[in-house]
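Enquirer: Structure supplied as upload-v5.txt; contents: compact mmCIF, C-alpha atoms.
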```txt
# COMPACT_ATOMS: atom_id res chain seq x y z
CA ALA E 1 -44.28 -85.56 -4.75
CA THR E 2 -45.37 -89.19 -5.00
CA ASP E 3 -42.82 -91.64 -3.63
CA CYS E 4 -42.45 -94.23 -6.38
CA ALA E 5 -39.98 -96.46 -8.18
CA ARG E 6 -40.01 -97.93 -11.67
CA VAL E 7 -40.31 -101.71 -11.85
CA ASP E 8 -39.40 -103.76 -14.93
CA ALA E 9 -39.32 -107.47 -15.73
CA PHE E 10 -37.29 -109.00 -18.56
CA TRP E 11 -37.75 -112.58 -19.77
CA ARG E 12 -37.57 -114.81 -22.82
CA GLU E 13 -40.52 -116.56 -24.44
CA HIS E 14 -39.76 -119.95 -22.90
CA ALA E 15 -40.27 -118.58 -19.37
CA VAL E 16 -44.03 -119.15 -19.32
CA ASN E 17 -44.66 -117.87 -15.77
CA TYR E 18 -43.06 -114.48 -16.23
CA GLU E 19 -46.03 -112.55 -17.63
CA ASP E 20 -46.91 -111.49 -14.11
CA ALA E 21 -43.33 -111.05 -12.90
CA TRP E 22 -43.65 -107.27 -13.02
CA ARG E 23 -46.73 -107.50 -10.80
CA TYR E 24 -44.91 -109.75 -8.33
CA ALA E 25 -42.05 -107.26 -8.17
CA GLN E 26 -44.41 -104.30 -7.89
CA HIS E 27 -46.24 -105.83 -4.95
CA SER E 28 -42.97 -106.84 -3.27
CA VAL E 29 -41.54 -103.32 -3.44
CA ASP E 30 -44.79 -101.82 -2.19
CA PHE E 31 -45.38 -104.35 0.58
CA LEU E 32 -41.82 -104.35 1.89
CA SER E 33 -41.74 -100.56 1.96
CA ARG E 34 -44.80 -100.63 4.20
CA PHE E 35 -43.78 -103.66 6.24
CA THR E 36 -40.26 -102.45 7.13
CA GLY E 37 -41.29 -98.82 7.52
CA LEU E 38 -38.34 -97.95 5.26
CA PRO E 39 -39.57 -96.95 1.78
CA TYR E 40 -37.68 -98.54 -1.10
CA PRO E 41 -34.80 -96.05 -1.36
CA TRP E 42 -33.88 -96.37 -5.04
CA PRO E 43 -35.57 -95.24 -8.27
CA HIS E 44 -35.67 -98.57 -10.08
CA MET E 45 -36.02 -102.36 -9.71
CA SER E 46 -35.51 -104.96 -12.44
CA VAL E 47 -36.41 -108.64 -12.38
CA VAL E 48 -34.36 -110.53 -14.96
CA GLU E 49 -35.07 -114.14 -16.00
CA GLY E 50 -31.91 -116.21 -16.14
CA GLY E 51 -32.95 -119.77 -16.97
CA GLY E 52 -29.90 -121.89 -17.72
CA ILE E 53 -27.73 -119.48 -15.73
CA ILE E 54 -29.27 -119.81 -12.29
CA GLY E 55 -31.81 -122.14 -10.69
CA GLY E 56 -33.09 -119.98 -7.82
CA GLY E 57 -32.39 -116.29 -7.49
CA MET E 58 -29.59 -113.87 -6.70
CA GLU E 59 -29.85 -110.25 -5.64
CA PHE E 60 -27.86 -107.29 -6.88
CA PRO E 61 -28.42 -103.58 -6.23
CA MET E 62 -31.74 -102.69 -7.91
CA MET E 63 -31.78 -105.99 -9.81
CA THR E 64 -32.36 -109.68 -9.29
CA ILE E 65 -31.68 -112.59 -11.63
CA ILE E 66 -34.02 -115.57 -11.23
CA GLY E 67 -34.35 -118.96 -12.93
CA ASP E 68 -37.21 -119.56 -15.39
CA TYR E 69 -39.35 -121.39 -12.78
CA ASN E 70 -41.16 -123.33 -15.49
CA GLN E 71 -41.22 -126.45 -13.33
CA ARG E 72 -41.88 -124.85 -9.95
CA GLY E 73 -44.78 -122.67 -11.06
CA ALA E 74 -46.04 -119.11 -10.79
CA ASP E 75 -46.54 -119.14 -7.00
CA ALA E 76 -42.93 -120.17 -6.45
CA LEU E 77 -41.84 -117.40 -8.81
CA TYR E 78 -43.60 -114.91 -6.55
CA TYR E 79 -41.87 -116.39 -3.49
CA VAL E 80 -38.38 -116.03 -4.93
CA THR E 81 -39.14 -112.57 -6.35
CA ALA E 82 -40.29 -111.31 -2.95
CA HIS E 83 -37.26 -112.91 -1.31
CA GLU E 84 -34.70 -111.40 -3.66
CA ILE E 85 -36.33 -107.98 -3.57
CA ALA E 86 -36.38 -108.14 0.25
CA HIS E 87 -32.59 -108.23 -0.02
CA MET E 88 -32.79 -104.61 -1.17
CA TRP E 89 -33.32 -103.90 2.54
CA LEU E 90 -30.88 -106.46 3.96
CA PRO E 91 -28.04 -106.39 3.03
CA MET E 92 -28.36 -103.49 0.57
CA ALA E 93 -29.80 -100.78 2.82
CA LEU E 94 -28.79 -102.33 6.16
CA SER E 95 -25.34 -103.66 5.35
CA THR E 96 -24.83 -106.90 7.27
CA ASN E 97 -21.90 -109.32 7.20
CA GLU E 98 -23.45 -112.37 5.53
CA ARG E 99 -20.39 -114.58 5.65
CA ARG E 100 -20.23 -114.14 9.41
CA TYR E 101 -23.94 -113.92 10.32
CA ALA E 102 -25.93 -115.17 7.34
CA TRP E 103 -29.12 -115.42 9.42
CA LEU E 104 -29.23 -111.65 9.89
CA ASP E 105 -29.40 -111.28 6.11
CA GLU E 106 -31.10 -114.41 4.77
CA GLY E 107 -33.26 -115.19 7.80
CA THR E 108 -34.66 -111.70 8.12
CA THR E 109 -35.25 -111.68 4.36
CA THR E 110 -37.05 -115.04 4.52
CA PHE E 111 -39.25 -113.68 7.31
CA ALA E 112 -40.09 -110.62 5.17
CA GLU E 113 -40.82 -112.88 2.17
CA ASN E 114 -43.24 -114.97 4.26
CA ASN E 115 -45.17 -111.88 5.27
CA ALA E 116 -45.29 -110.66 1.67
CA ARG E 117 -46.67 -114.05 0.63
CA LEU E 118 -49.31 -113.81 3.32
CA GLU E 119 -50.61 -110.51 1.96
CA PHE E 120 -50.36 -111.47 -1.72
CA PHE E 121 -52.01 -114.90 -1.45
CA GLY E 122 -53.94 -114.52 1.80
CA ASP E 123 -52.33 -117.79 2.94
CA GLY E 124 -51.17 -118.27 6.54
CA GLU E 125 -49.01 -121.32 5.89
CA PRO E 126 -45.60 -119.76 5.03
CA PHE E 127 -44.73 -119.55 8.71
CA ARG E 128 -45.62 -123.21 9.30
CA GLY E 129 -43.37 -124.14 6.37
CA GLU E 130 -40.33 -122.49 7.95
CA GLN E 131 -41.13 -124.08 11.31
CA ALA E 132 -41.40 -127.53 9.72
CA SER E 133 -38.13 -127.11 7.84
CA TYR E 134 -36.24 -126.07 10.97
CA LEU E 135 -37.84 -128.75 13.16
CA GLY E 136 -37.06 -131.47 10.66
CA MET E 137 -33.36 -130.63 10.87
CA ALA E 138 -33.50 -130.25 14.66
CA ARG E 139 -35.05 -133.71 15.08
CA ALA E 140 -32.35 -135.18 12.85
CA GLY E 141 -29.58 -133.45 14.82
CA LEU E 142 -28.42 -131.59 11.71
CA GLU E 143 -28.70 -128.01 12.91
CA GLY E 144 -25.99 -125.80 14.35
CA PRO E 145 -26.25 -122.62 16.44
CA MET E 146 -27.43 -119.62 14.46
CA MET E 147 -24.68 -117.44 15.94
CA ARG E 148 -21.93 -119.76 14.70
CA TRP E 149 -19.93 -118.02 11.99
CA SER E 150 -21.79 -118.93 8.82
CA ASP E 151 -18.83 -120.29 6.91
CA PHE E 152 -18.02 -122.60 9.85
CA HIS E 153 -21.26 -124.54 9.49
CA ARG E 154 -21.11 -128.01 8.03
CA PRO E 155 -21.97 -127.92 4.33
CA GLY E 156 -25.62 -128.51 3.46
CA PRO E 157 -28.52 -128.56 5.90
CA ALA E 158 -26.74 -126.99 8.90
CA TYR E 159 -25.95 -123.81 6.98
CA SER E 160 -29.36 -123.44 5.33
CA THR E 161 -31.28 -124.20 8.54
CA ALA E 162 -29.30 -121.71 10.62
CA SER E 163 -29.42 -119.09 7.87
CA TYR E 164 -32.94 -119.33 6.43
CA SER E 165 -35.68 -121.40 8.07
CA LYS E 166 -34.78 -121.22 11.76
CA PRO E 167 -34.23 -117.44 12.00
CA ALA E 168 -37.43 -116.81 10.03
CA ALA E 169 -39.36 -119.11 12.36
CA VAL E 170 -37.74 -117.53 15.42
CA LEU E 171 -38.70 -113.99 14.37
CA HIS E 172 -42.29 -115.18 13.98
CA ALA E 173 -42.03 -116.70 17.48
CA LEU E 174 -40.75 -113.38 18.84
CA ARG E 175 -43.82 -111.73 17.35
CA GLY E 176 -45.89 -114.19 19.38
CA VAL E 177 -43.96 -113.30 22.54
CA LEU E 178 -44.15 -109.52 22.16
CA GLY E 179 -47.49 -109.17 20.39
CA GLU E 180 -48.05 -107.77 16.91
CA GLU E 181 -47.96 -104.08 17.78
CA THR E 182 -44.78 -104.11 19.88
CA PHE E 183 -42.99 -106.48 17.52
CA MET E 184 -43.71 -104.38 14.45
CA GLU E 185 -42.69 -101.20 16.25
CA ALA E 186 -39.34 -102.78 17.13
CA TYR E 187 -38.88 -104.37 13.70
CA ARG E 188 -39.42 -101.04 11.97
CA GLU E 189 -37.23 -99.21 14.47
CA PHE E 190 -34.40 -101.60 13.62
CA HIS E 191 -34.73 -100.66 9.95
CA ARG E 192 -35.00 -96.95 10.75
CA ARG E 193 -32.11 -96.95 13.22
CA TRP E 194 -29.70 -98.98 11.08
CA ALA E 195 -30.53 -97.89 7.52
CA PHE E 196 -27.30 -97.33 5.57
CA LYS E 197 -25.21 -98.46 8.52
CA LEU E 198 -23.53 -101.73 9.49
CA PRO E 199 -25.71 -103.59 12.03
CA TYR E 200 -24.52 -106.63 13.95
CA PRO E 201 -26.73 -109.18 15.72
CA TRP E 202 -26.56 -107.37 19.06
CA ASP E 203 -27.88 -104.23 17.36
CA LEU E 204 -31.02 -106.18 16.46
CA PHE E 205 -31.21 -107.58 20.01
CA ARG E 206 -30.79 -104.18 21.67
CA THR E 207 -33.34 -102.53 19.42
CA PHE E 208 -36.02 -105.07 20.31
CA GLU E 209 -35.21 -104.77 24.02
CA ALA E 210 -35.20 -100.96 23.91
CA VAL E 211 -38.55 -100.72 22.12
CA SER E 212 -40.28 -103.46 24.10
CA GLY E 213 -38.78 -102.44 27.44
CA ARG E 214 -38.10 -106.10 28.17
CA ASP E 215 -35.02 -108.15 29.00
CA LEU E 216 -34.97 -110.79 26.25
CA GLU E 217 -31.62 -112.34 27.05
CA TRP E 218 -33.32 -115.68 27.66
CA PHE E 219 -34.76 -115.58 24.13
CA TRP E 220 -31.51 -114.68 22.35
CA ARG E 221 -29.51 -117.26 24.33
CA ALA E 222 -31.87 -120.16 23.74
CA TRP E 223 -32.75 -119.60 20.10
CA TYR E 224 -29.64 -117.93 18.66
CA TYR E 225 -26.70 -119.32 20.62
CA GLU E 226 -27.82 -122.92 21.23
CA SER E 227 -28.94 -125.86 19.10
CA THR E 228 -29.88 -129.52 19.41
CA LEU E 229 -26.26 -130.43 18.67
CA ASP E 230 -25.46 -129.39 22.24
CA GLY E 231 -28.37 -130.91 24.16
CA ASP E 232 -32.15 -130.73 24.31
CA TRP E 233 -32.23 -127.13 23.08
CA TYR E 234 -35.69 -127.26 21.56
CA LEU E 235 -39.18 -126.16 22.58
CA ASP E 236 -41.66 -128.81 23.64
CA GLN E 237 -44.56 -127.72 25.83
CA ALA E 238 -47.17 -130.37 26.66
CA VAL E 239 -50.58 -130.59 28.26
CA ALA E 240 -49.87 -133.12 31.02
CA GLU E 241 -53.19 -133.24 32.86
CA VAL E 242 -56.62 -131.61 32.98
CA GLN E 243 -58.52 -132.04 36.26
CA ARG E 244 -62.02 -130.90 37.12
CA LEU E 245 -62.11 -130.21 40.86
CA GLU E 246 -65.05 -130.68 43.23
CA SER E 247 -65.40 -126.90 43.39
CA GLY E 248 -66.19 -126.85 39.66
CA GLU E 249 -62.82 -125.27 38.92
CA THR E 250 -60.40 -126.83 36.44
CA ARG E 251 -56.66 -127.26 36.93
CA ILE E 252 -54.50 -127.68 33.83
CA THR E 253 -50.93 -128.95 34.28
CA ILE E 254 -48.35 -127.98 31.66
CA ARG E 255 -44.96 -129.64 31.30
CA ASP E 256 -41.89 -128.09 29.72
CA LEU E 257 -40.03 -130.98 28.10
CA GLY E 258 -37.28 -129.14 26.21
CA TRP E 259 -34.58 -126.71 27.29
CA ILE E 260 -35.88 -123.65 25.40
CA PRO E 261 -38.06 -121.54 27.71
CA MET E 262 -41.07 -119.78 26.21
CA PRO E 263 -44.26 -118.32 27.66
CA VAL E 264 -47.28 -120.60 27.68
CA HIS E 265 -50.20 -119.47 25.53
CA LEU E 266 -53.21 -121.60 26.38
CA GLN E 267 -56.76 -121.76 25.08
CA ALA E 268 -59.41 -123.84 26.86
CA THR E 269 -62.82 -124.62 25.38
CA ARG E 270 -65.84 -125.43 27.53
CA ASP E 271 -68.70 -127.67 26.47
CA ASP E 272 -70.95 -124.65 25.93
CA GLY E 273 -68.53 -123.41 23.23
CA THR E 274 -66.99 -120.57 25.25
CA THR E 275 -63.22 -120.20 25.29
CA LEU E 276 -60.75 -118.88 27.84
CA ARG E 277 -57.18 -117.79 27.17
CA ARG E 278 -54.38 -117.79 29.70
CA THR E 279 -50.68 -116.90 29.56
CA VAL E 280 -47.90 -118.16 31.82
CA PRO E 281 -44.90 -115.79 31.68
CA VAL E 282 -41.55 -117.26 30.71
CA ASP E 283 -40.22 -116.42 34.20
CA ARG E 284 -41.85 -119.60 35.48
CA TRP E 285 -39.41 -121.74 33.48
CA LEU E 286 -36.43 -119.51 34.23
CA THR E 287 -36.63 -120.62 37.87
CA GLY E 288 -35.78 -124.17 36.76
CA ALA E 289 -39.33 -125.52 37.01
CA ASP E 290 -40.43 -128.09 34.44
CA ARG E 291 -44.18 -127.97 35.15
CA THR E 292 -46.82 -125.45 36.11
CA ALA E 293 -50.53 -125.49 36.92
CA ILE E 294 -53.07 -123.11 35.42
CA PRO E 295 -56.36 -122.71 37.32
CA LEU E 296 -59.62 -121.93 35.52
CA PRO E 297 -62.70 -120.63 37.34
CA ALA E 298 -65.75 -122.78 37.97
CA GLY E 299 -68.02 -123.21 34.99
CA PRO E 300 -69.07 -125.75 32.36
CA PRO E 301 -66.65 -128.66 31.89
CA VAL E 302 -63.54 -128.07 29.80
CA THR E 303 -63.68 -130.23 26.68
CA ALA E 304 -60.48 -129.15 24.89
CA VAL E 305 -57.15 -127.48 25.67
CA GLU E 306 -54.61 -126.23 23.17
CA LEU E 307 -51.19 -124.65 23.63
CA ASP E 308 -50.03 -121.96 21.22
CA PRO E 309 -53.37 -121.93 19.37
CA ASP E 310 -52.14 -119.20 16.99
CA GLY E 311 -49.16 -121.28 15.85
CA TYR E 312 -46.41 -118.76 16.60
CA PHE E 313 -43.96 -121.13 18.28
CA PRO E 314 -41.86 -123.88 16.60
CA ASP E 315 -42.78 -126.63 19.06
CA MET E 316 -40.95 -129.92 18.57
CA ASP E 317 -44.04 -132.09 19.17
CA ARG E 318 -47.35 -130.37 18.59
CA SER E 319 -49.27 -133.60 19.20
CA ASN E 320 -48.92 -133.08 22.95
CA ASN E 321 -50.06 -129.44 22.68
CA ARG E 322 -53.68 -130.58 22.57
CA TRP E 323 -56.01 -132.35 24.99
CA ALA E 324 -59.55 -133.42 24.23
CA GLY E 325 -61.83 -134.57 27.03
CA GLN E 326 -63.64 -137.90 26.94
```
What would you get if you wrote out this structure as structure tokens?

Expert:
Amino acid sequence: ATDCARVDAFWREHAVNYEDAWRYAQHSVDFLSRFTGLPYPWPHMSVVEGGGIIGGGMEFPMMTIIGDYNQRGADALYYVTAHEIAHMWLPMALSTNERRYAWLDEGTTTFAENNARLEFFGDGEPFRGEQASYLGMARAGLEGPMMRWSDFHRPGPAYSTASYSKPAAVLHALRGVLGEETFMEAYREFHRRWAFKLPYPWDLFRTFEAVSGRDLEWFWRAWYYESTLDGDWYLDQAVAEVQRLESGETRITIRDLGWIPMPVHLQATRDDGTTLRRTVPVDRWLTGADRTAIPLPAGPPVTAVELDPDGYFPDMDRSNNRWAGQ
């Protein structure tokens, strides 16, 4: 039999962006079923317009109520629809404790929403938006540790940053660390393993470590348990120096300016247009080093160097991620 669910949208005439609300919901249910590896487990989903009752959106089992979005536009209506429907997985299917660990619910949902947006619009910017939101709060010293009990956060930016933007950005960063295939295998295994159970943060951590076969304690500690309220707990990798040696080889020096350790993903471009990619494992920083040198073989001069060229990592200062030769 075909695995399917009925999708409905209900709205009043004044909600001018709702004509495609059913299509937004249909795509969200379909995409999230594929993305999580856990097919939508219920027979029905309703999107209900609630202008004058609610401004954003709120999830309920098999239903979401969303504001009219007349001012924010049709694209924003898709965003909130995908977000609220993603809650059918967390916390509806994987029952998390939102008041204690809101990031496990809202952050994972925001990450899923961003990926749904990417497929629906073909736009790669949702991830940069979450990074920018988190980094803005980190620079202002307004973030708290993600693992702090959610209702102990200061009201306002600290709660929303730790619950929504930072965990979404951090999951995208973990995808950059593990690679797409391994990350998605672990992400889907988490949904499979904990469907209709009560997962805690360490269940997510252990699942990713079990699937990847890697000790990721350094990642969980730095991103989930620390924040800029307690020191320089941010990521800031920088291209410090690019030297062409007499042998024709090139030596690139990288500095690690923040306290969050992450692998170095580097792309160098030569003046003939060819590119080379290199990776420095995170272990280099775990020794306490704050700089490392990457050698490149002899060849045409290097004209440009970029760190994290794929934009996975929420780096505090991306201006020092690039070097352009004279």

Enquirer: Which is closer to E:Asp3 than all the others in E:Gly56, E:Pro39, E:Pro145, E:Pro91, using only C-alpha atoms?

Expert: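 The closest residue to E:Asp3 is E:Pro39.
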
Enquirer: Do you know which residues are at most 8 Å from stretch 72-75 of chain E counting only C-alpha atoms, after dropping those on the same chain fewer than 4 positions away, and could you put them as a list in words?

Expert: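 Within the cut-off, the hits are Asn17, Tyr18 and Tyr79 of chain E.
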
Enquirer: Next, write the just-selected residues to a file, as a PDB file, in the coordinates of the input, keeping C-alpha atoms as the atom set.

Expert:
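Just written: out09.pdb:
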```
ATOM      1  CA  ASN E  17     -44.660-117.870 -15.770  1.00  0.00           C
ATOM      2  CA  TYR E  18     -43.060-114.480 -16.230  1.00  0.00           C
ATOM      3  CA  TYR E  79     -41.870-116.390  -3.490  1.00  0.00           C
TER       4      TYR E  79
END
```

Enquirer: With distances taken over only C-alpha atoms, which of E:Phe10, E:Phe120, E:Trp89, E:Tyr24 is nearest to E:Asp68?

Expert: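 That would be E:Phe10, the residue with the smallest distance to E:Asp68.
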
Enquirer: List as a ChimeraX atom specification the protein and nucleic acid residues near stretch 159-176 of chain E, meaning an atom at most 7 Å away when only C-alpha atoms are counted, but skip any in the same chain fewer than 5 places from it.

Expert: /E:102-103,106-108,110-111,127,130-131,133-134,143-146,150,153-154,183,312-314

Enquirer: Name the closest residue to E:Leu204 among the candidates E:Leu104, E:Ala5, E:Ala298, E:Val47; distances are taken between atoms, counting all atoms listed in the file.

Expert: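 That would be E:Leu104, the residue with the smallest distance to E:Leu204.
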
Enquirer: Please, can stretch 26-40 of chain E be completed to N, CA, C and O atoms and returned as a PDB file, keeping the file's coordinate frame?

Expert:
```
ATOM      1  N   GLN E  26     -43.720-105.518  -8.324  1.00  0.00           N
ATOM      2  CA  GLN E  26     -44.410-104.300  -7.890  1.00  0.00           C
ATOM      3  C   GLN E  26     -44.992-104.472  -6.485  1.00  0.00           C
ATOM      4  O   GLN E  26     -44.837-103.605  -5.619  1.00  0.00           O
ATOM      5  N   HIS E  27     -45.671-105.596  -6.273  1.00  0.00           N
ATOM      6  CA  HIS E  27     -46.240-105.830  -4.950  1.00  0.00           C
ATOM      7  C   HIS E  27     -45.145-105.962  -3.899  1.00  0.00           C
ATOM      8  O   HIS E  27     -45.278-105.446  -2.779  1.00  0.00           O
ATOM      9  N   SER E  28     -44.054-106.647  -4.232  1.00  0.00           N
ATOM     10  CA  SER E  28     -42.970-106.840  -3.270  1.00  0.00           C
ATOM     11  C   SER E  28     -42.378-105.511  -2.825  1.00  0.00           C
ATOM     12  O   SER E  28     -42.173-105.281  -1.629  1.00  0.00           O
ATOM     13  N   VAL E  29     -42.097-104.634  -3.783  1.00  0.00           N
ATOM     14  CA  VAL E  29     -41.540-103.320  -3.440  1.00  0.00           C
ATOM     15  C   VAL E  29     -42.519-102.533  -2.571  1.00  0.00           C
ATOM     16  O   VAL E  29     -42.138-101.936  -1.549  1.00  0.00           O
ATOM     17  N   ASP E  30     -43.774-102.559  -2.947  1.00  0.00           N
ATOM     18  CA  ASP E  30     -44.790-101.820  -2.190  1.00  0.00           C
ATOM     19  C   ASP E  30     -44.966-102.393  -0.789  1.00  0.00           C
ATOM     20  O   ASP E  30     -44.926-101.677   0.212  1.00  0.00           O
ATOM     21  N   PHE E  31     -45.147-103.728  -0.716  1.00  0.00           N
ATOM     22  CA  PHE E  31     -45.380-104.350   0.580  1.00  0.00           C
ATOM     23  C   PHE E  31     -44.197-104.153   1.519  1.00  0.00           C
ATOM     24  O   PHE E  31     -44.348-103.781   2.687  1.00  0.00           O
ATOM     25  N   LEU E  32     -42.986-104.419   1.036  1.00  0.00           N
ATOM     26  CA  LEU E  32     -41.820-104.350   1.890  1.00  0.00           C
ATOM     27  C   LEU E  32     -41.523-102.931   2.347  1.00  0.00           C
ATOM     28  O   LEU E  32     -41.010-102.723   3.448  1.00  0.00           O
ATOM     29  N   SER E  33     -41.872-101.957   1.532  1.00  0.00           N
ATOM     30  CA  SER E  33     -41.740-100.560   1.960  1.00  0.00           C
ATOM     31  C   SER E  33     -42.637-100.289   3.158  1.00  0.00           C
ATOM     32  O   SER E  33     -42.245 -99.627   4.132  1.00  0.00           O
ATOM     33  N   ARG E  34     -43.856-100.823   3.094  1.00  0.00           N
ATOM     34  CA  ARG E  34     -44.800-100.630   4.200  1.00  0.00           C
ATOM     35  C   ARG E  34     -44.419-101.480   5.402  1.00  0.00           C
ATOM     36  O   ARG E  34     -44.474-101.029   6.553  1.00  0.00           O
ATOM     37  N   PHE E  35     -44.026-102.716   5.159  1.00  0.00           N
ATOM     38  CA  PHE E  35     -43.780-103.660   6.240  1.00  0.00           C
ATOM     39  C   PHE E  35     -42.559-103.268   7.066  1.00  0.00           C
ATOM     40  O   PHE E  35     -42.573-103.356   8.304  1.00  0.00           O
ATOM     41  N   THR E  36     -41.484-102.840   6.420  1.00  0.00           N
ATOM     42  CA  THR E  36     -40.260-102.450   7.130  1.00  0.00           C
ATOM     43  C   THR E  36     -40.333-101.033   7.678  1.00  0.00           C
ATOM     44  O   THR E  36     -39.555-100.677   8.574  1.00  0.00           O
ATOM     45  N   GLY E  37     -41.249-100.224   7.136  1.00  0.00           N
ATOM     46  CA  GLY E  37     -41.290 -98.820   7.520  1.00  0.00           C
ATOM     47  C   GLY E  37     -40.205 -98.000   6.850  1.00  0.00           C
ATOM     48  O   GLY E  37     -40.077 -96.796   7.094  1.00  0.00           O
ATOM     49  N   LEU E  38     -39.405 -98.633   5.992  1.00  0.00           N
ATOM     50  CA  LEU E  38     -38.340 -97.950   5.260  1.00  0.00           C
ATOM     51  C   LEU E  38     -38.677 -98.000   3.783  1.00  0.00           C
ATOM     52  O   LEU E  38     -38.501 -99.046   3.145  1.00  0.00           O
ATOM     53  N   PRO E  39     -39.188 -96.914   3.196  1.00  0.00           N
ATOM     54  CA  PRO E  39     -39.570 -96.950   1.780  1.00  0.00           C
ATOM     55  C   PRO E  39     -38.393 -97.339   0.891  1.00  0.00           C
ATOM     56  O   PRO E  39     -37.243 -96.969   1.153  1.00  0.00           O
ATOM     57  N   TYR E  40     -38.710 -98.122  -0.136  1.00  0.00           N
ATOM     58  CA  TYR E  40     -37.680 -98.540  -1.100  1.00  0.00           C
ATOM     59  C   TYR E  40     -36.873 -97.310  -1.508  1.00  0.00           C
ATOM     60  O   TYR E  40     -37.423 -96.333  -2.042  1.00  0.00           O
TER      61      TYR E  40
END
```
